[in-house]
Structure formats: C-alpha cells, structure tokens
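For reference, the structure discussed in these notes is given below.
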Amino acid sequence: MEGVLLDGEAFDWATYRGQWVVLCFWTTWHQGWLDEVKNIRRAIAAHQDRAVEVVAISLDDDRNTLERFLHEHPTSWPVLV
C-alpha cells in the first residue's frame, strides 16, 4: 500500500509488519463516520492483548474540508490522503 499522510510524508507500510491493521476508507460527508469511529475504538479496546493499529484512508476530494473536519474531530491514527 502506498500513500501520503496529511503532513506530506510518505506512508511507510513496513512499520506495521506483524501487527493487525484495520483499514478504514472514509469521507467527511458520510454522516455515520463518527459512529464508526466509536465502533473502531471499541474493537481496538477489546483486543488490547494484540498490536492492533488503525490506518484511515480519506476519499475526500477537498483537502481543506478534510483538515477542518479533523481539526473538529481529531483522531489518533494516521490519515492517508
């Protein structure tokens, strides 16, 4: 998988080798996304005995909208654009 993070750095898939990774394809305009974030956090908490990571892949076309959304609803996992 290749991509660029919000800060412009290249995404390094190798850092996740050997870990469980949840890939989330999402958009800011999907009204159910914030509920899905809660579900993802619950799933991660249920598997604390494993190294579970989340990588969010934004399908938004407008970078400004994405950045505003993440400013209002920060996330702890990397977001690829």
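By order of appearance in the structure tokens: chains A, B, ..., then residues from 1 within every chain, and ligands from 1 in the order shown.
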
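Contact shell of A:Met1 at 12 Å (only C-alpha atoms; same-chain neighbours under 6 positions omitted): Ala10, Phe11, Asp12, Trp13, Ala14, Thr15, Tyr16, Leu23, Val55, Ile57 and Leu80 of chain A.
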
| Residues flagged alpha helix (DSSP H) by DSSP in chain A, as a list in words |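 Matching residues, listed in order: Trp33, Leu34, Asp35, Glu36, Val37, Lys38, Asn39, Ile40, Arg41, Arg42, Ala43, Ile44, Ala45, Ala46, Arg63, Asn64, Thr65, Leu66, Glu67, Arg68, Phe69, Leu70, His71 and Glu72 of chain A.
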
Can you write out the residues you just picked, keeping N, CA and C atoms, as a compact mmCIF listing (two decimals), in the first residue's frame?
# COMPACT_ATOMS: atom_id res chain seq x y z
N TRP A 33 -19.78 8.24 9.91
CA TRP A 33 -18.35 8.05 10.21
C TRP A 33 -18.04 8.20 11.69
N LEU A 34 -18.58 9.19 12.36
CA LEU A 34 -18.25 9.39 13.78
C LEU A 34 -18.75 8.23 14.63
N ASP A 35 -19.88 7.64 14.27
CA ASP A 35 -20.34 6.43 14.96
C ASP A 35 -19.38 5.27 14.69
N GLU A 36 -18.90 5.19 13.47
CA GLU A 36 -17.96 4.12 13.12
C GLU A 36 -16.65 4.27 13.89
N VAL A 37 -16.22 5.49 14.12
CA VAL A 37 -15.01 5.73 14.92
C VAL A 37 -15.18 5.12 16.31
N LYS A 38 -16.35 5.31 16.89
CA LYS A 38 -16.62 4.71 18.22
C LYS A 38 -16.53 3.19 18.15
N ASN A 39 -17.08 2.60 17.10
CA ASN A 39 -17.02 1.14 16.93
C ASN A 39 -15.58 0.66 16.79
N ILE A 40 -14.78 1.40 16.04
CA ILE A 40 -13.37 1.03 15.85
C ILE A 40 -12.63 1.09 17.18
N ARG A 41 -12.87 2.14 17.94
CA ARG A 41 -12.19 2.26 19.24
C ARG A 41 -12.59 1.14 20.18
N ARG A 42 -13.86 0.74 20.15
CA ARG A 42 -14.31 -0.39 20.99
C ARG A 42 -13.63 -1.69 20.55
N ALA A 43 -13.51 -1.89 19.26
CA ALA A 43 -12.88 -3.10 18.74
C ALA A 43 -11.40 -3.16 19.14
N ILE A 44 -10.73 -2.04 19.08
CA ILE A 44 -9.32 -1.98 19.47
C ILE A 44 -9.19 -2.29 20.97
N ALA A 45 -10.06 -1.70 21.77
CA ALA A 45 -10.01 -1.92 23.22
C ALA A 45 -10.26 -3.39 23.55
N ALA A 46 -11.09 -4.05 22.77
CA ALA A 46 -11.38 -5.46 23.01
C ALA A 46 -10.20 -6.37 22.67
N ARG A 63 -9.20 18.93 0.24
CA ARG A 63 -8.24 18.85 1.35
C ARG A 63 -8.62 19.79 2.49
N ASN A 64 -9.10 20.99 2.18
CA ASN A 64 -9.48 21.95 3.22
C ASN A 64 -10.62 21.42 4.08
N THR A 65 -11.60 20.80 3.44
CA THR A 65 -12.72 20.22 4.18
C THR A 65 -12.23 19.11 5.10
N LEU A 66 -11.34 18.29 4.59
CA LEU A 66 -10.77 17.20 5.39
C LEU A 66 -10.02 17.76 6.60
N GLU A 67 -9.19 18.75 6.39
CA GLU A 67 -8.41 19.32 7.51
C GLU A 67 -9.32 19.97 8.55
N ARG A 68 -10.37 20.67 8.10
CA ARG A 68 -11.32 21.27 9.04
C ARG A 68 -12.03 20.19 9.86
N PHE A 69 -12.44 19.13 9.19
CA PHE A 69 -13.13 18.03 9.87
C PHE A 69 -12.22 17.41 10.93
N LEU A 70 -10.98 17.15 10.58
CA LEU A 70 -10.06 16.53 11.54
C LEU A 70 -9.68 17.49 12.67
N HIS A 71 -9.73 18.78 12.41
CA HIS A 71 -9.50 19.75 13.47
C HIS A 71 -10.64 19.69 14.49
N GLU A 72 -11.87 19.53 14.00
CA GLU A 72 -13.04 19.44 14.87
C GLU A 72 -13.17 18.05 15.51

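The two atoms in question, atom CA of A:Pro78 and atom CA of A:Arg17, are spaced 15.6 Å apart.
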
| request: Per DSSP on the backbone, filter chain A down to the residues in strand (DSSP E or B) and report them as an NGL selection string. | output: :A and (4-5 or 10 or 20-26 or 52-58 or 79-80)

| query | Distance atom CA of A:Asp7-atom CA of A:Val79, one decimal place? | reply | 9.4 Å

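Distance-wise, atom CA of A:Gly32 and atom CA of A:His73 end up 13.4 Å apart.
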